[in-house]
Amino acid sequence: MDWISKGRYHYWAGGSFVVLAVFGVVLRLMHIAFVPHLNYIFLLHAHSHFAFAGWAFLGLAMLLAGRVSPVQRRRKFLYALNATLVSAYGMLVSFSFQGYKTVSIIFSTFFILSTYYFTRQFLKSLKETRQLSKGARQLTLGALFFLCFSSLGPLALEPLMVMGLKGTAVYQDAIYVYLHFQLNGWMQLAAIALVEITYFNMCPTNPRRWVYQLLIWSNLPLYLIFTLWSNPAGWVFLIAGIAATGNLTAWFMICRGRKARLLKLPLLLKVAFLAITLKTVFQTLVCIPVIGRWAFSDRNIIIGYIHLLTLGIVTPVILDQFKQAGFFGAGKKLQIINGSYIVLTFAYLVILFVEPALKLVGIIVQDVEPQLLLLSILLLLCGVGYFGLLILGSSKKSEAVSV
């Protein structure tokens, strides 16, 4: 990981996390107060695209590359990471000021090309290394496949607009292609792969190959859960339910085979594994038509599902990997910030999920936006704390080297 720290990419990732949290606070503030000169939809697009590129992809990509890249390929990985930074911050600025227009489309396309280039270099690296277990290799290959496959969604938007289909169910489903295969495909599988590489790579007993394959490829038909919002035919619910059940079964089999080792994982990873379990159960339940219609009728549930993946799964894994790589250093400050992050994320998700659930039994919760805003501010402070520890950890490492 030395070449990652020398390039200060962990600084960029930590800084991106703070920027992302700032945008989250502003978006929450705009729910309860008028903020002049700012366009909510523009900022929402900037927030989501930057979350995928500037935080999730940058963090996961540099950690995966740091684990498996041979020396001769590191320069090319630097090109990919630099291109990611340019495209991520380009999208952040352009989406914030003009929304989905020419400049933002250019940066979005540049990001997609950056992911293709990264995938190509990573596949070459996999051929040159034998460090990964079969499970880690399968998960990584699956993650990279869905990373590239997800780009079909945004690439289809322009042709759909030309055909006059903007605002239709087909157009919305194309957006969900990107959302689903980025979140459930690339991000989740890459996060699990990092845990596999770091903690289970030398494990004498691993789940069978077909279990990993089921976890990976069930994501293809699982996309149909993102089409349930349009109340499709019954067979769509059925196929989505079968896929969700397969995904859930594979995940439980992986966890069952490693129960003892899972209990020894760091707290952040226990939280991430719990979040994956809750997510797989939830996506199975929404395949029941009555529950699915209810879930897609409330925006807070959809936001909660997305943040369960990003805040509950991806971010804890990246933060734990930063610690394992020595970017944070060690100490009680990190434990305090980790504990605060877990509590705040739990509270944030509880509000998003429980408030709609209480409506079903006739309990109307008064406006929860102030509480969500407060939690967003506190999560921002956690982000600032993590960034401070990155700076502190690197300075201590530099002092140790100089001594």
# chains A, B, ... in the order shown; residues from 1 in each chain; ligands from 1
>>> residues_around(residues="A:Ala357", least_positions_apart="5", cutoff="12 Å", atoms="only C-alpha atoms", output="PDB file with N, CA and C atoms, in the first residue's frame")
ATOM      1  N   ILE A 291     -45.984  -5.738  -0.015  1.00  0.00           N
ATOM      2  CA  ILE A 291     -44.859  -5.057   0.628  1.00  0.00           C
ATOM      3  C   ILE A 291     -44.096  -4.218  -0.393  1.00  0.00           C
ATOM      4  N   TRP A 294     -45.858  -0.953  -1.140  1.00  0.00           N
ATOM      5  CA  TRP A 294     -45.701  -0.036  -0.003  1.00  0.00           C
ATOM      6  C   TRP A 294     -44.297   0.552   0.028  1.00  0.00           C
ATOM      7  N   ALA A 295     -43.278  -0.292  -0.173  1.00  0.00           N
ATOM      8  CA  ALA A 295     -41.889   0.171  -0.086  1.00  0.00           C
ATOM      9  C   ALA A 295     -41.589   1.224  -1.140  1.00  0.00           C
ATOM     10  N   SER A 297     -43.622   3.185  -2.551  1.00  0.00           N
ATOM     11  CA  SER A 297     -44.491   4.362  -2.461  1.00  0.00           C
ATOM     12  C   SER A 297     -43.949   5.407  -1.501  1.00  0.00           C
ATOM     13  N   ASP A 298     -42.918   5.072  -0.738  1.00  0.00           N
ATOM     14  CA  ASP A 298     -42.362   6.001   0.251  1.00  0.00           C
ATOM     15  C   ASP A 298     -40.899   6.288  -0.079  1.00  0.00           C
ATOM     16  N   ASN A 300     -38.603   7.764   1.626  1.00  0.00           N
ATOM     17  CA  ASN A 300     -37.648   7.522   2.710  1.00  0.00           C
ATOM     18  C   ASN A 300     -37.135   6.085   2.714  1.00  0.00           C
ATOM     19  N   ILE A 301     -37.993   5.133   2.318  1.00  0.00           N
ATOM     20  CA  ILE A 301     -37.563   3.734   2.284  1.00  0.00           C
ATOM     21  C   ILE A 301     -36.518   3.531   1.195  1.00  0.00           C
ATOM     22  N   VAL A 350     -32.658   4.027  11.049  1.00  0.00           N
ATOM     23  CA  VAL A 350     -33.871   3.705  11.808  1.00  0.00           C
ATOM     24  C   VAL A 350     -34.966   4.714  11.504  1.00  0.00           C
ATOM     25  N   ILE A 351     -34.622   5.995  11.493  1.00  0.00           N
ATOM     26  CA  ILE A 351     -35.623   7.026  11.200  1.00  0.00           C
ATOM     27  C   ILE A 351     -36.177   6.843   9.791  1.00  0.00           C
ATOM     28  N   LEU A 352     -35.301   6.591   8.827  1.00  0.00           N
ATOM     29  CA  LEU A 352     -35.742   6.450   7.440  1.00  0.00           C
ATOM     30  C   LEU A 352     -36.667   5.254   7.245  1.00  0.00           C
ATOM     31  N   GLY A 362     -51.004   3.363  11.714  1.00  0.00           N
ATOM     32  CA  GLY A 362     -51.731   4.572  12.082  1.00  0.00           C
ATOM     33  C   GLY A 362     -50.992   5.532  12.983  1.00  0.00           C
ATOM     34  N   ILE A 363     -49.705   5.300  13.202  1.00  0.00           N
ATOM     35  CA  ILE A 363     -48.913   6.212  14.035  1.00  0.00           C
ATOM     36  C   ILE A 363     -48.184   7.190  13.123  1.00  0.00           C
ATOM     37  N   ILE A 364     -48.575   8.438  13.200  1.00  0.00           N
ATOM     38  CA  ILE A 364     -47.977   9.464  12.359  1.00  0.00           C
ATOM     39  C   ILE A 364     -46.889  10.181  13.150  1.00  0.00           C
ATOM     40  N   VAL A 365     -45.676  10.057  12.686  1.00  0.00           N
ATOM     41  CA  VAL A 365     -44.554  10.737  13.330  1.00  0.00           C
ATOM     42  C   VAL A 365     -44.440  12.129  12.740  1.00  0.00           C
TER      43      VAL A 365
END
>>> residues_around(residues="stretch 371-376 of chain A", least_positions_apart="4", cutoff="9 Å", atoms="only C-alpha atoms", output="number ranges by chain")
A: 21-22, 24-29, 31-32, 344-345, 347-348, 351-352, 367, 380-381
>>> residues_around(residues="A:Ile306", least_positions_apart="4", cutoff="8 Å", atoms="only C-alpha atoms", output="ChimeraX atom specification")
/A:183,302,310
>>> closest_residue(among="A:Thr277, A:Thr84, A:Gln324, A:Asn247", to="A:Ser16", atoms="only C-alpha atoms")
A:Thr84
>>> residues_around(residues="stretch 77-82 of chain A", least_positions_apart="5", cutoff="9 Å", atoms="only C-alpha atoms", output="JSON, numbers by chain")
{"A": [4, 7, 9, 58, 61, 62, 65, 69, 87, 114, 115, 117, 118, 121, 122]}
>>> select_by_dssp(residues="stretch 132-174 of chain A", states="alpha helix (DSSP H)", output="ChimeraX atom specification")
/A:134-149,152-162,169-174
>>> atom_distance(atom1="atom CA of A:Pro221", atom2="atom CA of A:Gln172")
17.2 Å
>>> atom_distance(atom1="atom CA of A:Pro36", atom2="atom CA of A:Gly383")
25.9 Å
>>> atom_distance(atom1="atom CA of A:Ala169", atom2="atom CA of A:Ala240")
17.5 Å
>>> closest_residue(among="A:Trp186, A:Tyr171, A:Trp12, A:Tyr178", to="A:His49", atoms="only C-alpha atoms")
A:Tyr178
>>> closest_residue(among="A:His45, A:Lys134, A:Arg293, A:Arg120", to="A:Ser230", atoms="only C-alpha atoms")
A:Arg293
>>> residues_around(residues="A:Leu179", least_positions_apart="2", cutoff="10 Å", atoms="only C-alpha atoms", output="list in words")
Ser48, Phe52, Ser150, Ser151, Gly153, Pro154, Asp173, Ala174, Ile175, Tyr176, Val177, Phe181, Gln182, Leu183, Asn184, Gly185, Tyr223, Phe226 and Ile306 of chain A
>>> write_last_selection(atoms="N, CA and C atoms", output="PDB file, in the first residue's frame")
ATOM      1  N   SER A  48     -25.017  12.204  -5.587  1.00  0.00           N
ATOM      2  CA  SER A  48     -25.068  10.774  -5.904  1.00  0.00           C
ATOM      3  C   SER A  48     -23.923  10.360  -6.827  1.00  0.00           C
ATOM      4  N   PHE A  52     -20.650   7.806  -5.828  1.00  0.00           N
ATOM      5  CA  PHE A  52     -20.255   6.605  -6.557  1.00  0.00           C
ATOM      6  C   PHE A  52     -18.812   6.687  -7.049  1.00  0.00           C
ATOM      7  N   SER A 150     -22.884  -1.945 -15.465  1.00  0.00           N
ATOM      8  CA  SER A 150     -23.756  -0.870 -14.974  1.00  0.00           C
ATOM      9  C   SER A 150     -23.768   0.332 -15.907  1.00  0.00           C
ATOM     10  N   SER A 151     -22.697   0.495 -16.690  1.00  0.00           N
ATOM     11  CA  SER A 151     -22.605   1.666 -17.569  1.00  0.00           C
ATOM     12  C   SER A 151     -23.634   1.627 -18.695  1.00  0.00           C
ATOM     13  N   GLY A 153     -26.694   1.514 -18.338  1.00  0.00           N
ATOM     14  CA  GLY A 153     -27.789   2.391 -17.927  1.00  0.00           C
ATOM     15  C   GLY A 153     -27.612   3.816 -18.413  1.00  0.00           C
ATOM     16  N   PRO A 154     -26.563   4.520 -17.968  1.00  0.00           N
ATOM     17  CA  PRO A 154     -26.376   5.903 -18.421  1.00  0.00           C
ATOM     18  C   PRO A 154     -26.127   6.024 -19.921  1.00  0.00           C
ATOM     19  N   ASP A 173     -36.210   2.977 -15.585  1.00  0.00           N
ATOM     20  CA  ASP A 173     -35.600   1.653 -15.410  1.00  0.00           C
ATOM     21  C   ASP A 173     -34.150   1.640 -15.886  1.00  0.00           C
ATOM     22  N   ALA A 174     -33.828   2.447 -16.901  1.00  0.00           N
ATOM     23  CA  ALA A 174     -32.443   2.551 -17.369  1.00  0.00           C
ATOM     24  C   ALA A 174     -31.564   3.179 -16.291  1.00  0.00           C
ATOM     25  N   ILE A 175     -32.108   4.160 -15.581  1.00  0.00           N
ATOM     26  CA  ILE A 175     -31.376   4.763 -14.462  1.00  0.00           C
ATOM     27  C   ILE A 175     -31.128   3.719 -13.380  1.00  0.00           C
ATOM     28  N   TYR A 176     -32.131   2.882 -13.144  1.00  0.00           N
ATOM     29  CA  TYR A 176     -32.004   1.849 -12.113  1.00  0.00           C
ATOM     30  C   TYR A 176     -31.014   0.752 -12.508  1.00  0.00           C
ATOM     31  N   VAL A 177     -30.765   0.581 -13.810  1.00  0.00           N
ATOM     32  CA  VAL A 177     -29.718  -0.358 -14.237  1.00  0.00           C
ATOM     33  C   VAL A 177     -28.390   0.065 -13.623  1.00  0.00           C
ATOM     34  N   PHE A 181     -26.713  -2.184 -10.408  1.00  0.00           N
ATOM     35  CA  PHE A 181     -25.475  -2.919 -10.666  1.00  0.00           C
ATOM     36  C   PHE A 181     -24.249  -2.232 -10.077  1.00  0.00           C
ATOM     37  N   GLN A 182     -24.346  -0.942  -9.803  1.00  0.00           N
ATOM     38  CA  GLN A 182     -23.287  -0.277  -9.046  1.00  0.00           C
ATOM     39  C   GLN A 182     -23.351  -0.680  -7.576  1.00  0.00           C
ATOM     40  N   LEU A 183     -24.536  -0.597  -6.981  1.00  0.00           N
ATOM     41  CA  LEU A 183     -24.679  -0.851  -5.545  1.00  0.00           C
ATOM     42  C   LEU A 183     -24.580  -2.333  -5.211  1.00  0.00           C
ATOM     43  N   ASN A 184     -25.484  -3.128  -5.758  1.00  0.00           N
ATOM     44  CA  ASN A 184     -25.547  -4.553  -5.419  1.00  0.00           C
ATOM     45  C   ASN A 184     -24.521  -5.390  -6.171  1.00  0.00           C
ATOM     46  N   GLY A 185     -24.060  -4.879  -7.313  1.00  0.00           N
ATOM     47  CA  GLY A 185     -23.065  -5.601  -8.081  1.00  0.00           C
ATOM     48  C   GLY A 185     -21.659  -5.195  -7.704  1.00  0.00           C
ATOM     49  N   TYR A 223     -32.061  -7.416 -10.515  1.00  0.00           N
ATOM     50  CA  TYR A 223     -32.348  -6.067 -11.018  1.00  0.00           C
ATOM     51  C   TYR A 223     -33.844  -5.795 -11.075  1.00  0.00           C
ATOM     52  N   PHE A 226     -35.883  -3.433  -8.868  1.00  0.00           N
ATOM     53  CA  PHE A 226     -35.901  -1.995  -9.116  1.00  0.00           C
ATOM     54  C   PHE A 226     -36.958  -1.601 -10.140  1.00  0.00           C
ATOM     55  N   ILE A 306     -30.707   2.706  -0.124  1.00  0.00           N
ATOM     56  CA  ILE A 306     -29.449   3.134  -0.745  1.00  0.00           C
ATOM     57  C   ILE A 306     -28.397   3.424   0.314  1.00  0.00           C
TER      58      ILE A 306
END
